[in-house]
file my_file-v7.cif (mmCIF, C-alpha atoms)
data_model
loop_
_atom_site.label_atom_id
_atom_site.label_comp_id
_atom_site.auth_asym_id
_atom_site.auth_seq_id
_atom_site.Cartn_x
_atom_site.Cartn_y
_atom_site.Cartn_z
CA MET A 1 0.00 0.00 0.00
CA ALA A 2 2.81 2.39 0.87
CA SER A 3 4.40 2.18 -2.57
CA ALA A 4 1.13 2.95 -4.36
CA ALA A 5 0.39 5.80 -1.97
CA ALA A 6 3.81 7.27 -2.58
CA LEU A 7 3.24 7.12 -6.32
CA VAL A 8 -0.08 8.92 -6.00
CA ALA A 9 1.49 11.58 -3.81
CA ALA A 10 4.24 12.11 -6.36
CA MET A 11 1.86 12.86 -9.24
CA THR A 12 2.25 16.45 -10.39
CA THR A 13 1.58 16.68 -14.13
CA GLY A 14 -1.66 17.90 -15.70
CA GLY A 15 -2.80 14.36 -16.36
CA ASP A 16 -2.40 13.57 -12.67
CA ALA A 17 -4.91 16.17 -11.54
CA VAL A 18 -7.43 14.80 -14.01
CA ALA A 19 -6.79 11.21 -12.87
CA ALA A 20 -7.69 12.04 -9.30
CA GLN A 21 -11.20 13.18 -10.23
CA PRO A 22 -14.19 10.99 -11.12
CA ASP A 23 -15.16 11.72 -14.70
CA ARG A 24 -17.73 9.93 -16.84
CA ALA A 25 -16.21 11.56 -19.90
CA VAL A 26 -13.47 8.96 -19.95
CA ARG A 27 -16.07 6.44 -21.08
CA GLY A 28 -17.36 8.80 -23.72
CA GLY A 29 -20.75 10.39 -24.17
CA GLY A 30 -22.15 13.78 -23.36
CA ASP A 31 -20.27 17.03 -23.64
CA GLY A 32 -17.03 15.42 -22.53
CA GLU A 33 -16.78 12.95 -25.40
CA ASP A 34 -13.44 14.30 -26.65
CA ARG A 35 -11.97 15.39 -23.35
CA PHE A 36 -9.53 12.47 -23.33
CA ALA A 37 -7.89 10.81 -26.29
CA ARG A 38 -8.84 7.26 -27.13
CA GLY A 39 -5.95 5.01 -26.20
CA GLU A 40 -5.04 1.56 -25.02
CA LEU A 41 -6.89 -0.53 -22.48
CA ARG A 42 -5.19 -0.35 -19.08
CA GLY A 43 -6.74 -2.90 -16.80
CA VAL A 44 -6.31 -4.68 -13.50
CA TRP A 45 -7.77 -7.99 -12.38
CA ILE A 46 -9.55 -8.04 -9.01
CA ALA A 47 -9.76 -11.68 -7.93
CA THR A 48 -12.32 -12.75 -5.35
CA VAL A 49 -11.82 -16.52 -5.31
CA ALA A 50 -10.31 -17.51 -1.95
CA ASN A 51 -10.22 -13.75 -1.17
CA LEU A 52 -7.10 -13.36 -3.30
CA ASP A 53 -7.57 -9.61 -3.79
CA TRP A 54 -10.95 -8.61 -2.42
CA PRO A 55 -12.54 -8.68 0.07
CA SER A 56 -9.33 -8.94 2.07
CA ARG A 57 -11.06 -11.60 4.15
CA ALA A 58 -14.50 -13.13 4.38
CA GLY A 59 -16.89 -11.82 6.99
CA LEU A 60 -16.16 -8.10 6.83
CA THR A 61 -19.15 -5.81 7.22
CA ALA A 62 -20.84 -4.60 4.06
CA ALA A 63 -19.48 -1.12 4.70
CA ALA A 64 -15.92 -2.43 5.08
CA GLN A 65 -16.21 -4.52 1.92
CA GLU A 66 -17.49 -1.54 -0.03
CA ALA A 67 -14.72 0.69 1.30
CA GLU A 68 -12.08 -1.83 0.21
CA LEU A 69 -13.63 -2.12 -3.24
CA ILE A 70 -13.73 1.63 -3.69
CA ALA A 71 -10.08 1.84 -2.61
CA HIS A 72 -9.19 -0.52 -5.47
CA LEU A 73 -11.15 1.63 -7.91
CA ASP A 74 -9.60 4.86 -6.66
CA ARG A 75 -6.15 3.35 -6.97
CA ALA A 76 -6.87 2.35 -10.55
CA VAL A 77 -7.84 5.94 -11.34
CA ALA A 78 -4.76 7.32 -9.60
CA LEU A 79 -2.53 5.04 -11.67
CA ARG A 80 -4.31 6.20 -14.84
CA LEU A 81 -5.85 2.81 -15.57
CA ASN A 82 -9.22 2.72 -17.30
CA ALA A 83 -10.67 -0.73 -16.64
CA VAL A 84 -11.14 -3.17 -13.80
CA VAL A 85 -11.82 -6.86 -14.34
CA LEU A 86 -13.81 -7.94 -11.29
CA GLN A 87 -14.36 -11.63 -10.58
CA VAL A 88 -18.09 -11.96 -9.93
CA ARG A 89 -18.62 -15.72 -10.30
CA PRO A 90 -15.62 -17.39 -8.68
CA THR A 91 -16.91 -20.91 -7.88
CA ALA A 92 -20.34 -21.31 -9.48
CA ASP A 93 -21.67 -18.73 -7.02
CA ALA A 94 -22.37 -15.04 -7.34
CA LEU A 95 -21.46 -11.55 -6.19
CA TRP A 96 -24.96 -10.35 -7.00
CA PRO A 97 -28.42 -11.63 -5.96
CA SER A 98 -28.62 -14.33 -8.60
CA PRO A 99 -31.73 -16.46 -9.07
CA TYR A 100 -29.46 -19.21 -10.41
CA GLU A 101 -26.67 -19.56 -7.86
CA PRO A 102 -25.96 -18.82 -4.19
CA TRP A 103 -24.10 -15.86 -2.78
CA ALA A 104 -20.32 -16.35 -2.94
CA ASP A 105 -18.68 -17.44 0.28
CA CYS A 106 -15.79 -14.98 -0.21
CA LEU A 107 -18.17 -12.28 1.08
CA THR A 108 -19.47 -13.67 4.35
CA GLY A 109 -17.55 -16.91 4.76
CA VAL A 110 -20.80 -18.85 4.29
CA GLN A 111 -21.89 -19.70 0.78
CA GLY A 112 -25.47 -18.60 0.22
CA LYS A 113 -25.53 -16.02 3.02
CA ASP A 114 -26.79 -12.59 1.97
CA PRO A 115 -23.99 -10.06 2.51
CA GLY A 116 -26.43 -7.19 2.95
CA TRP A 117 -25.52 -5.34 -0.25
CA ASP A 118 -25.13 -5.88 -3.99
CA PRO A 119 -21.40 -5.83 -4.79
CA LEU A 120 -21.83 -5.99 -8.57
CA ALA A 121 -24.32 -3.12 -8.67
CA THR A 122 -22.01 -1.02 -6.52
CA ALA A 123 -18.95 -1.93 -8.56
CA VAL A 124 -20.61 -0.96 -11.84
CA ARG A 125 -21.88 2.35 -10.47
CA GLU A 126 -18.67 3.34 -8.72
CA ALA A 127 -16.44 2.27 -11.61
CA HIS A 128 -18.46 4.24 -14.12
CA ASP A 129 -18.53 7.28 -11.85
CA ARG A 130 -14.73 7.18 -12.00
CA GLY A 131 -14.50 6.73 -15.74
CA LEU A 132 -13.52 3.08 -15.44
CA GLU A 133 -14.92 0.21 -17.47
CA LEU A 134 -16.20 -2.73 -15.45
CA HIS A 135 -15.49 -6.10 -17.03
CA ALA A 136 -17.36 -8.84 -15.17
CA TRP A 137 -15.12 -11.88 -14.80
CA PHE A 138 -16.81 -15.28 -14.71
CA ASN A 139 -15.40 -18.78 -14.36
CA PRO A 140 -17.68 -21.11 -16.36
CA TYR A 141 -17.09 -24.57 -14.91
CA ARG A 142 -15.28 -24.46 -11.56
CA VAL A 143 -17.63 -25.47 -8.74
CA ALA A 144 -15.35 -25.69 -5.71
CA ASN A 145 -11.71 -25.79 -4.67
CA HIS A 146 -12.43 -29.01 -2.78
CA THR A 147 -14.26 -32.25 -3.55
CA ASP A 148 -16.92 -32.36 -0.82
CA PRO A 149 -20.37 -31.46 -2.22
CA THR A 150 -21.82 -31.28 1.30
CA ARG A 151 -19.73 -28.15 1.91
CA LEU A 152 -21.68 -26.34 -0.79
CA ALA A 153 -24.82 -24.36 0.03
CA ALA A 154 -27.87 -26.62 0.18
CA SER A 155 -29.40 -24.70 -2.71
CA HIS A 156 -26.30 -24.97 -4.89
CA PRO A 157 -27.12 -26.36 -8.35
CA ALA A 158 -24.21 -28.77 -8.00
CA ARG A 159 -26.02 -30.38 -5.06
CA LEU A 160 -29.38 -30.31 -6.79
CA HIS A 161 -27.82 -31.88 -9.90
CA PRO A 162 -24.97 -34.11 -8.73
CA GLU A 163 -24.95 -35.76 -12.16
CA TRP A 164 -23.53 -32.49 -13.54
CA VAL A 165 -20.41 -32.60 -11.38
CA LEU A 166 -17.04 -34.35 -11.63
CA PRO A 167 -14.20 -34.35 -9.07
CA TYR A 168 -10.71 -33.88 -10.44
CA GLY A 169 -7.40 -32.78 -9.00
CA GLY A 170 -8.87 -32.01 -5.60
CA LYS A 171 -11.62 -29.79 -7.02
CA LEU A 172 -15.18 -30.05 -8.31
CA TYR A 173 -16.12 -29.09 -11.87
CA TYR A 174 -19.25 -28.98 -13.94
CA ASN A 175 -18.99 -31.45 -16.81
CA PRO A 176 -18.54 -29.43 -20.04
CA GLY A 177 -19.75 -32.39 -22.09
CA LEU A 178 -23.36 -32.07 -20.92
CA PRO A 179 -25.54 -29.74 -23.03
CA GLU A 180 -27.69 -28.92 -20.00
CA VAL A 181 -24.58 -27.77 -18.12
CA ARG A 182 -23.46 -25.51 -20.94
CA ARG A 183 -26.93 -23.96 -21.11
CA PHE A 184 -27.13 -23.50 -17.35
CA VAL A 185 -23.77 -21.80 -16.93
CA GLN A 186 -24.61 -19.47 -19.82
CA ASP A 187 -27.96 -18.63 -18.24
CA ALA A 188 -26.30 -17.94 -14.88
CA MET A 189 -23.76 -15.54 -16.42
CA LEU A 190 -26.28 -13.86 -18.71
CA ASP A 191 -28.36 -12.91 -15.68
CA ALA A 192 -25.66 -10.38 -14.82
CA VAL A 193 -25.49 -9.14 -18.43
CA ARG A 194 -29.25 -8.62 -18.43
CA ARG A 195 -29.46 -6.82 -15.09
CA TYR A 196 -26.28 -4.72 -14.89
CA ALA A 197 -24.60 -2.21 -17.20
CA ILE A 198 -21.34 -4.13 -17.35
CA ASP A 199 -18.97 -3.26 -20.17
CA ALA A 200 -17.75 -6.79 -20.89
CA VAL A 201 -18.07 -10.45 -20.04
CA HIS A 202 -14.61 -11.78 -19.23
CA TRP A 203 -13.46 -15.40 -18.88
CA ASP A 204 -10.10 -16.60 -17.67
CA ASP A 205 -8.08 -19.69 -18.65
CA TYR A 206 -10.15 -22.43 -17.00
CA PHE A 207 -12.16 -24.56 -19.41
CA TYR A 208 -11.41 -28.26 -19.07
CA PRO A 209 -9.15 -28.38 -16.01
CA TYR A 210 -5.38 -28.23 -16.20
CA PRO A 211 -3.99 -31.79 -16.38
CA VAL A 212 -3.08 -33.50 -13.11
CA ALA A 213 -0.59 -36.36 -13.44
CA GLY A 214 -2.08 -39.76 -12.77
CA GLN A 215 -5.69 -38.57 -12.67
CA GLU A 216 -8.51 -38.98 -15.18
CA PHE A 217 -11.31 -36.53 -15.88
CA LYS A 218 -14.07 -39.10 -15.91
CA ASP A 219 -16.39 -37.82 -18.61
CA GLY A 220 -16.56 -41.15 -20.41
CA ALA A 221 -20.32 -41.55 -19.98
CA ALA A 222 -20.99 -38.16 -21.55
CA TYR A 223 -18.60 -39.00 -24.39
CA GLU A 224 -20.42 -42.26 -25.05
CA ARG A 225 -23.71 -40.39 -25.16
CA TYR A 226 -22.70 -37.32 -27.17
CA GLY A 227 -19.37 -38.11 -28.83
CA ALA A 228 -20.53 -39.93 -31.95
CA GLY A 229 -18.96 -38.54 -35.08
CA PHE A 230 -15.77 -37.29 -33.42
CA PRO A 231 -12.44 -39.03 -34.07
CA ASP A 232 -11.52 -39.09 -30.39
CA ARG A 233 -12.47 -37.70 -27.00
CA ALA A 234 -10.10 -34.74 -27.33
CA ALA A 235 -11.85 -33.54 -30.51
CA TRP A 236 -15.23 -33.90 -28.81
CA ARG A 237 -14.01 -31.93 -25.79
CA ARG A 238 -12.71 -29.13 -28.01
CA ASP A 239 -16.07 -29.00 -29.75
CA ASN A 240 -17.79 -28.69 -26.37
CA THR A 241 -15.61 -25.70 -25.51
CA ASP A 242 -16.13 -24.20 -28.96
CA ARG A 243 -19.89 -24.47 -28.50
CA LEU A 244 -19.71 -22.75 -25.11
CA VAL A 245 -17.72 -19.84 -26.54
CA ARG A 246 -19.70 -19.42 -29.76
CA GLU A 247 -23.09 -19.68 -28.06
CA MET A 248 -22.13 -17.33 -25.25
CA GLY A 249 -20.96 -14.68 -27.69
CA GLU A 250 -24.21 -14.94 -29.64
CA ARG A 251 -26.33 -14.78 -26.51
CA ILE A 252 -24.46 -11.77 -25.08
CA ARG A 253 -25.16 -9.82 -28.27
CA GLU A 254 -28.82 -10.85 -28.15
CA THR A 255 -29.13 -9.85 -24.50
CA ARG A 256 -27.48 -6.43 -24.40
CA GLN A 257 -25.96 -4.50 -27.24
CA GLY A 258 -22.51 -3.03 -26.61
CA VAL A 259 -21.37 -5.62 -24.05
CA ARG A 260 -18.08 -7.10 -25.23
CA PHE A 261 -16.92 -10.68 -24.78
CA GLY A 262 -13.31 -11.31 -23.87
CA ILE A 263 -11.26 -14.33 -22.88
CA SER A 264 -7.89 -14.44 -21.12
CA PRO A 265 -6.31 -17.82 -21.85
CA PHE A 266 -3.00 -19.43 -21.01
CA ALA A 267 -0.78 -17.87 -23.65
CA VAL A 268 0.41 -20.91 -25.62
CA TRP A 269 -2.10 -22.32 -28.10
CA ARG A 270 0.32 -24.97 -29.39
CA ASN A 271 4.09 -25.21 -29.61
CA LYS A 272 5.60 -25.05 -33.07
CA ALA A 273 7.02 -28.54 -32.58
CA THR A 274 3.44 -29.80 -32.17
CA ASP A 275 1.91 -27.70 -34.94
CA PRO A 276 3.69 -25.50 -37.53
CA LEU A 277 1.03 -22.85 -36.88
CA GLY A 278 2.03 -22.71 -33.22
CA SER A 279 4.36 -20.37 -31.37
CA ASP A 280 8.13 -20.75 -31.09
CA THR A 281 7.81 -22.08 -27.56
CA ARG A 282 8.40 -25.25 -25.57
CA ALA A 283 5.60 -24.81 -23.04
CA GLY A 284 4.52 -27.72 -20.86
CA VAL A 285 0.86 -26.86 -21.42
CA GLU A 286 -0.83 -26.22 -24.76
CA THR A 287 -4.40 -24.96 -24.55
CA TYR A 288 -5.52 -26.81 -27.68
CA ASP A 289 -4.37 -30.20 -26.39
CA ASP A 290 -4.47 -29.93 -22.61
CA LEU A 291 -7.38 -27.57 -21.84
CA HIS A 292 -9.29 -28.47 -25.03
CA ALA A 293 -9.52 -24.76 -25.76
CA ASP A 294 -8.86 -23.81 -29.38
CA THR A 295 -8.06 -20.20 -28.58
CA ARG A 296 -6.68 -19.46 -32.05
CA LYS A 297 -9.92 -20.65 -33.66
CA TRP A 298 -12.02 -18.33 -31.49
CA VAL A 299 -10.02 -15.38 -32.78
CA LYS A 300 -10.05 -16.47 -36.42
CA GLU A 301 -13.81 -17.13 -36.30
CA GLY A 302 -14.51 -13.80 -34.59
CA TRP A 303 -16.51 -15.43 -31.80
CA ILE A 304 -15.02 -13.07 -29.22
CA ASP A 305 -14.37 -9.34 -29.13
CA TYR A 306 -11.00 -9.44 -27.42
CA ILE A 307 -8.39 -11.90 -26.30
CA ALA A 308 -6.02 -11.25 -23.40
CA PRO A 309 -3.41 -14.03 -23.36
CA GLN A 310 -1.63 -14.40 -20.05
CA ILE A 311 1.95 -13.88 -21.25
CA TYR A 312 3.29 -14.37 -17.75
CA TRP A 313 6.94 -14.83 -18.75
CA HIS A 314 9.95 -12.58 -18.98
CA ILE A 315 11.68 -11.42 -22.11
CA GLY A 316 14.23 -14.03 -23.14
CA LEU A 317 12.79 -17.04 -21.27
CA ALA A 318 14.04 -20.04 -23.24
CA ALA A 319 10.84 -22.11 -23.09
CA ALA A 320 8.43 -19.22 -23.64
CA ASP A 321 9.99 -15.88 -24.51
CA TYR A 322 7.60 -13.00 -23.86
CA ALA A 323 8.75 -11.35 -27.09
CA LYS A 324 8.08 -14.42 -29.23
CA VAL A 325 4.70 -15.18 -27.68
CA LEU A 326 3.65 -11.54 -28.08
CA ALA A 327 4.63 -11.56 -31.74
CA TRP A 328 2.67 -14.78 -32.32
CA TRP A 329 -0.50 -13.32 -30.84
CA ALA A 330 -0.09 -10.08 -32.78
CA ALA A 331 0.11 -12.08 -36.00
CA THR A 332 -2.84 -14.24 -34.94
CA VAL A 333 -5.26 -11.34 -34.39
CA ARG A 334 -4.08 -9.38 -37.44
CA GLY A 335 -7.00 -8.68 -39.76
CA THR A 336 -9.57 -10.46 -37.59
CA GLY A 337 -11.16 -7.47 -35.86
CA VAL A 338 -10.51 -9.13 -32.48
CA ASP A 339 -8.68 -6.84 -30.07
CA LEU A 340 -5.50 -8.01 -28.35
CA TYR A 341 -4.76 -7.08 -24.74
CA VAL A 342 -1.80 -8.63 -22.95
CA GLY A 343 -2.08 -10.20 -19.51
CA GLU A 344 0.93 -9.09 -17.44
CA ALA A 345 2.40 -10.95 -14.44
CA LEU A 346 2.87 -8.06 -12.03
CA TYR A 347 2.64 -10.62 -9.23
CA LYS A 348 6.04 -12.02 -10.23
CA ALA A 349 7.86 -8.70 -9.91
CA GLY A 350 10.06 -8.86 -6.83
CA ASP A 351 9.02 -12.39 -5.90
CA PRO A 352 12.23 -13.96 -4.56
CA ALA A 353 11.17 -17.32 -6.03
CA GLN A 354 11.30 -15.85 -9.55
CA PRO A 355 14.44 -15.59 -11.73
CA ALA A 356 16.61 -12.50 -12.03
CA PRO A 357 14.60 -10.63 -14.71
CA TRP A 358 11.65 -10.39 -12.31
CA GLN A 359 13.85 -8.74 -9.69
CA ASP A 360 14.35 -5.79 -12.06
CA PRO A 361 11.66 -3.09 -11.59
CA ALA A 362 11.94 -2.27 -15.30
CA GLU A 363 11.02 -5.72 -16.68
CA LEU A 364 7.30 -4.98 -16.98
CA SER A 365 7.94 -1.57 -18.46
CA ARG A 366 10.07 -3.22 -21.13
CA HIS A 367 7.08 -5.42 -21.97
CA LEU A 368 5.00 -2.36 -22.78
CA THR A 369 7.85 -0.82 -24.75
CA LEU A 370 8.16 -4.01 -26.80
CA ALA A 371 4.40 -4.08 -27.39
CA ARG A 372 4.62 -0.68 -29.08
CA ASP A 373 6.31 -2.43 -32.00
CA HIS A 374 3.11 -4.42 -32.59
CA GLU A 375 0.24 -2.21 -33.68
CA GLU A 376 -2.20 -5.03 -32.94
CA VAL A 377 -1.63 -4.72 -29.19
CA GLY A 378 -4.44 -2.62 -27.76
CA GLY A 379 -3.46 -2.63 -24.11
CA HIS A 380 -2.45 -4.57 -21.02
CA ILE A 381 -4.13 -6.06 -17.94
CA PHE A 382 -2.16 -6.52 -14.71
CA PHE A 383 -2.52 -9.41 -12.29
CA SER A 384 -3.59 -8.51 -9.76
CA ALA A 385 -5.11 -5.77 -7.59
CA LYS A 386 -3.27 -6.60 -4.35
CA HIS A 387 0.02 -6.56 -6.23
CA VAL A 388 -0.86 -3.23 -7.79
CA ALA A 389 -1.44 -1.95 -4.25
CA ALA A 390 1.73 -3.42 -2.75
CA ASP A 391 3.94 -2.83 -5.81
CA ARG A 392 6.71 -4.78 -4.12
CA ILE A 393 9.69 -3.37 -6.07
CA GLY A 394 8.04 -0.44 -7.83
CA ALA A 395 7.41 -2.26 -11.13
CA MET A 396 3.91 -0.82 -11.47
CA ALA A 397 5.16 2.66 -10.62
CA ARG A 398 7.74 2.27 -13.36
CA VAL A 399 5.05 1.27 -15.88
CA VAL A 400 2.98 4.32 -14.96
CA ALA A 401 5.95 6.70 -15.12
CA ASP A 402 7.14 5.33 -18.47
CA HIS A 403 3.86 4.66 -20.26
CA TYR A 404 0.82 6.12 -18.51
CA GLN A 405 1.63 9.79 -18.31
CA ASP A 406 -1.88 10.83 -19.32
CA ARG A 407 -5.27 9.30 -18.77
CA VAL A 408 -6.99 7.83 -21.82
CA ARG A 409 -10.27 6.21 -22.69
CA THR A 410 -10.44 2.54 -23.63
CA PRO A 411 -9.78 1.76 -27.29
CA ARG A 412 -13.30 1.14 -28.57
#

call {"tool": "encode", "arguments": {"input": "my_file-v7.cif", "output": "structure tokens"}}
result
Amino acid sequence: MASAAALVAAMTTGGDAVAAQPDRAVRGGGDGEDRFARGELRGVWIATVANLDWPSRAGLTAAAQEAELIAHLDRAVALRLNAVVLQVRPTADALWPSPYEPWADCLTGVQGKDPGWDPLATAVREAHDRGLELHAWFNPYRVANHTDPTRLAASHPARLHPEWVLPYGGKLYYNPGLPEVRRFVQDAMLDAVRRYAIDAVHWDDYFYPYPVAGQEFKDGAAYERYGAGFPDRAAWRRDNTDRLVREMGERIRETRQGVRFGISPFAVWRNKATDPLGSDTRAGVETYDDLHADTRKWVKEGWIDYIAPQIYWHIGLAAADYAKVLAWWAATVRGTGVDLYVGEALYKAGDPAQPAPWQDPAELSRHLTLARDHEEVGGHIFFSAKHVAADRIGAMARVVADHYQDRVRTPR
């Protein structure tokens, strides 16, 4: 907190005075439409699962939760960001009064317990009052970070429909191979699109779960029922994920015009050694093969409005060089109309467990400098809010000083 506060106190340019004031004009509209130039997206993820970023702990009063949320928004404004990506459906539960799913336990510590306020409504209002976009971040299939259904709220759909749920890797997941599951999770997310003026629907990198050695995702019964016509189970799984993405995009557009659909996947689609169309990487995970997520296809088909690959590696990393992965994504989106925003690993900066490049406060700033050479890059999103606040070695302050000297509207 001290580092971020010091940065705010040090702001003295004309852009700084503007950044400190709430201003709807940043979003456009009204007499202030041209007050700020249109520029790149500058976002921050606010994770709620397991209270990673917010609320700082479960069980705070509604007033304390709201105060913490507003502090995150004010900090984003002070750092001249223009978007927050708030996780509103962390484990098949909700940060709004959903008719489909129970209240999230990150609020009160008890899943299903009313927190006494509507966090999503407040977040949308307060973000927009500050000229920030609010991207609502949903996780489609994760049900719980444990495997005990009895720990879920009694009203949880996973308890009402145990046939929808599979345990894997110490967690519970909805089975993506069931059409009724795909429809339900879409309905649950679209409730927020219908009821709140969110600017975007945002998904992260969790589709089929990351592989766990020695464990099987036991969707064989669904494959036997629905997998006819596919050469193997992997192809059927990819089709399931494709259907989820394509249908969700269509339904968002039908539900509320102007709401964008973005996905932030693990950054390697396939390695070049696996597929000549892949990136010059040697990553241990490939989304196409391991998560059954054909992220390249979604871009080429135009099913999404933006993609924000999590390029969470430093420049020069042998297995996955930030520069090479960035160039691959820039080439992939070129001519598609899909916007490219880069997910940035602020959380690694200053972490003693990370290699030497991440001990340099200028590493992240160099990422943004490099991105300038690729006109397809429309901005960056930083993971995550608590690391923006702590700014352990001043890496975020360096990004702001080098690249965010003025406040800009989002690039749309």

call {"tool": "resolve_selection", "arguments": {"input": "my_file-v7.cif", "expression": "the PyMOL selection byres ((chain A and resi 243) around 12)", "output": "PDB file with C-alpha atoms, keeping the file's coordinate frame"}}
result
ATOM      1  CA  PRO A 176     -18.540 -29.430 -20.040  1.00  0.00           C
ATOM      2  CA  GLY A 177     -19.750 -32.390 -22.090  1.00  0.00           C
ATOM      3  CA  LEU A 178     -23.360 -32.070 -20.920  1.00  0.00           C
ATOM      4  CA  PRO A 179     -25.540 -29.740 -23.030  1.00  0.00           C
ATOM      5  CA  VAL A 181     -24.580 -27.770 -18.120  1.00  0.00           C
ATOM      6  CA  ARG A 182     -23.460 -25.510 -20.940  1.00  0.00           C
ATOM      7  CA  ARG A 183     -26.930 -23.960 -21.110  1.00  0.00           C
ATOM      8  CA  GLN A 186     -24.610 -19.470 -19.820  1.00  0.00           C
ATOM      9  CA  PHE A 207     -12.160 -24.560 -19.410  1.00  0.00           C
ATOM     10  CA  TRP A 236     -15.230 -33.900 -28.810  1.00  0.00           C
ATOM     11  CA  ARG A 237     -14.010 -31.930 -25.790  1.00  0.00           C
ATOM     12  CA  ARG A 238     -12.710 -29.130 -28.010  1.00  0.00           C
ATOM     13  CA  ASP A 239     -16.070 -29.000 -29.750  1.00  0.00           C
ATOM     14  CA  ASN A 240     -17.790 -28.690 -26.370  1.00  0.00           C
ATOM     15  CA  THR A 241     -15.610 -25.700 -25.510  1.00  0.00           C
ATOM     16  CA  ASP A 242     -16.130 -24.200 -28.960  1.00  0.00           C
ATOM     17  CA  LEU A 244     -19.710 -22.750 -25.110  1.00  0.00           C
ATOM     18  CA  VAL A 245     -17.720 -19.840 -26.540  1.00  0.00           C
ATOM     19  CA  ARG A 246     -19.700 -19.420 -29.760  1.00  0.00           C
ATOM     20  CA  GLU A 247     -23.090 -19.680 -28.060  1.00  0.00           C
ATOM     21  CA  MET A 248     -22.130 -17.330 -25.250  1.00  0.00           C
ATOM     22  CA  GLY A 249     -20.960 -14.680 -27.690  1.00  0.00           C
ATOM     23  CA  GLU A 250     -24.210 -14.940 -29.640  1.00  0.00           C
ATOM     24  CA  ARG A 251     -26.330 -14.780 -26.510  1.00  0.00           C
ATOM     25  CA  HIS A 292      -9.290 -28.470 -25.030  1.00  0.00           C
ATOM     26  CA  ALA A 293      -9.520 -24.760 -25.760  1.00  0.00           C
ATOM     27  CA  ASP A 294      -8.860 -23.810 -29.380  1.00  0.00           C
ATOM     28  CA  LYS A 297      -9.920 -20.650 -33.660  1.00  0.00           C
ATOM     29  CA  TRP A 298     -12.020 -18.330 -31.490  1.00  0.00           C
ATOM     30  CA  TRP A 303     -16.510 -15.430 -31.800  1.00  0.00           C
TER      31      TRP A 303
END

call {"tool": "atom_distance", "arguments": {"input": "my_file-v7.cif", "atom1": "atom CA of A:Arg130", "atom2": "atom CA of A:Leu41"}}
result
15.2 Å

call {"tool": "atom_distance", "arguments": {"input": "my_file-v7.cif", "atom1": "atom CA of A:His156", "atom2": "atom CA of A:Ala50"}}
result
17.9 Å

call {"tool": "resolve_selection", "arguments": {"input": "my_file-v7.cif", "expression": "the PyMOL selection byres ((chain A and resi 388) around 12)", "output": "PyMOL selection string"}}
result
chain A and resi 1-5+7+43-46+53+71-76+78-79+81+84+344-349+381-387+389-400

call {"tool": "closest_residue", "arguments": {"input": "my_file-v7.cif", "among": "A:Val193, A:Trp54, A:Glu66, A:Asn82", "to": "A:Arg407", "atoms": "all atoms listed in the file"}}
result
A:Asn82

call {"tool": "closest_residue", "arguments": {"input": "my_file-v7.cif", "among": "A:Val285, A:Ala104, A:Ala94, A:Ile70", "to": "A:Ala192", "atoms": "all atoms listed in the file"}}
result
A:Ala94

call {"tool": "atom_distance", "arguments": {"input": "my_file-v7.cif", "atom1": "atom CA of A:Ala228", "atom2": "atom CA of A:Asn271"}}
result
28.8 Å

call {"tool": "residues_near_point", "arguments": {"input": "my_file-v7.cif", "point": "(-27.5, -7.1, -14.1)", "cutoff": "12 Å", "atoms": "all atoms listed in the file", "output": "ChimeraX atom specification"}}
result
/A:88,94-99,118-125,136,188-201,255-256,259

call {"tool": "closest_residue", "arguments": {"input": "my_file-v7.cif", "among": "A:Leu69, A:Ala153, A:Val85, A:Leu172", "to": "A:Phe138", "atoms": "only C-alpha atoms"}}
result
A:Val85

call {"tool": "resolve_selection", "arguments": {"input": "my_file-v7.cif", "expression": "the PyMOL selection byres ((chain A and resi 341) around 8)", "output": "ChimeraX atom specification"}}
result
/A:41,306-309,339-340,342-343,377-381

call {"tool": "closest_residue", "arguments": {"input": "my_file-v7.cif", "among": "A:Gly302, A:Tyr322, A:Leu107, A:Gly229", "to": "A:Ala267", "atoms": "only C-alpha atoms"}}
result
A:Tyr322

call {"tool": "closest_residue", "arguments": {"input": "my_file-v7.cif", "among": "A:Gly170, A:Gly262, A:Gly109, A:Pro140", "to": "A:His202", "atoms": "all atoms listed in the file"}}
result
A:Gly262

call {"tool": "closest_residue", "arguments": {"input": "my_file-v7.cif", "among": "A:Arg142, A:His367, A:Arg260, A:Arg296", "to": "A:Trp313", "atoms": "all atoms listed in the file"}}
result
A:His367

call {"tool": "axis_aligned_box", "arguments": {"input": "my_file-v7.cif", "around": "stretch 281-292 of chain A", "padding_each_side": "8 Å", "output": "JSON"}}
result
{"center_x": -0.4, "center_y": -26.1, "center_z": -24.3, "size_x": 33.7, "size_y": 24.1, "size_z": 22.8}

call {"tool": "residues_around", "arguments": {"input": "my_file-v7.cif", "residues": "A:Lys113", "least_positions_apart": "5", "cutoff": "8 Å", "atoms": "all atoms listed in the file", "output": "VMD selection string"}}
result
chain A and resid 102 to 105 108
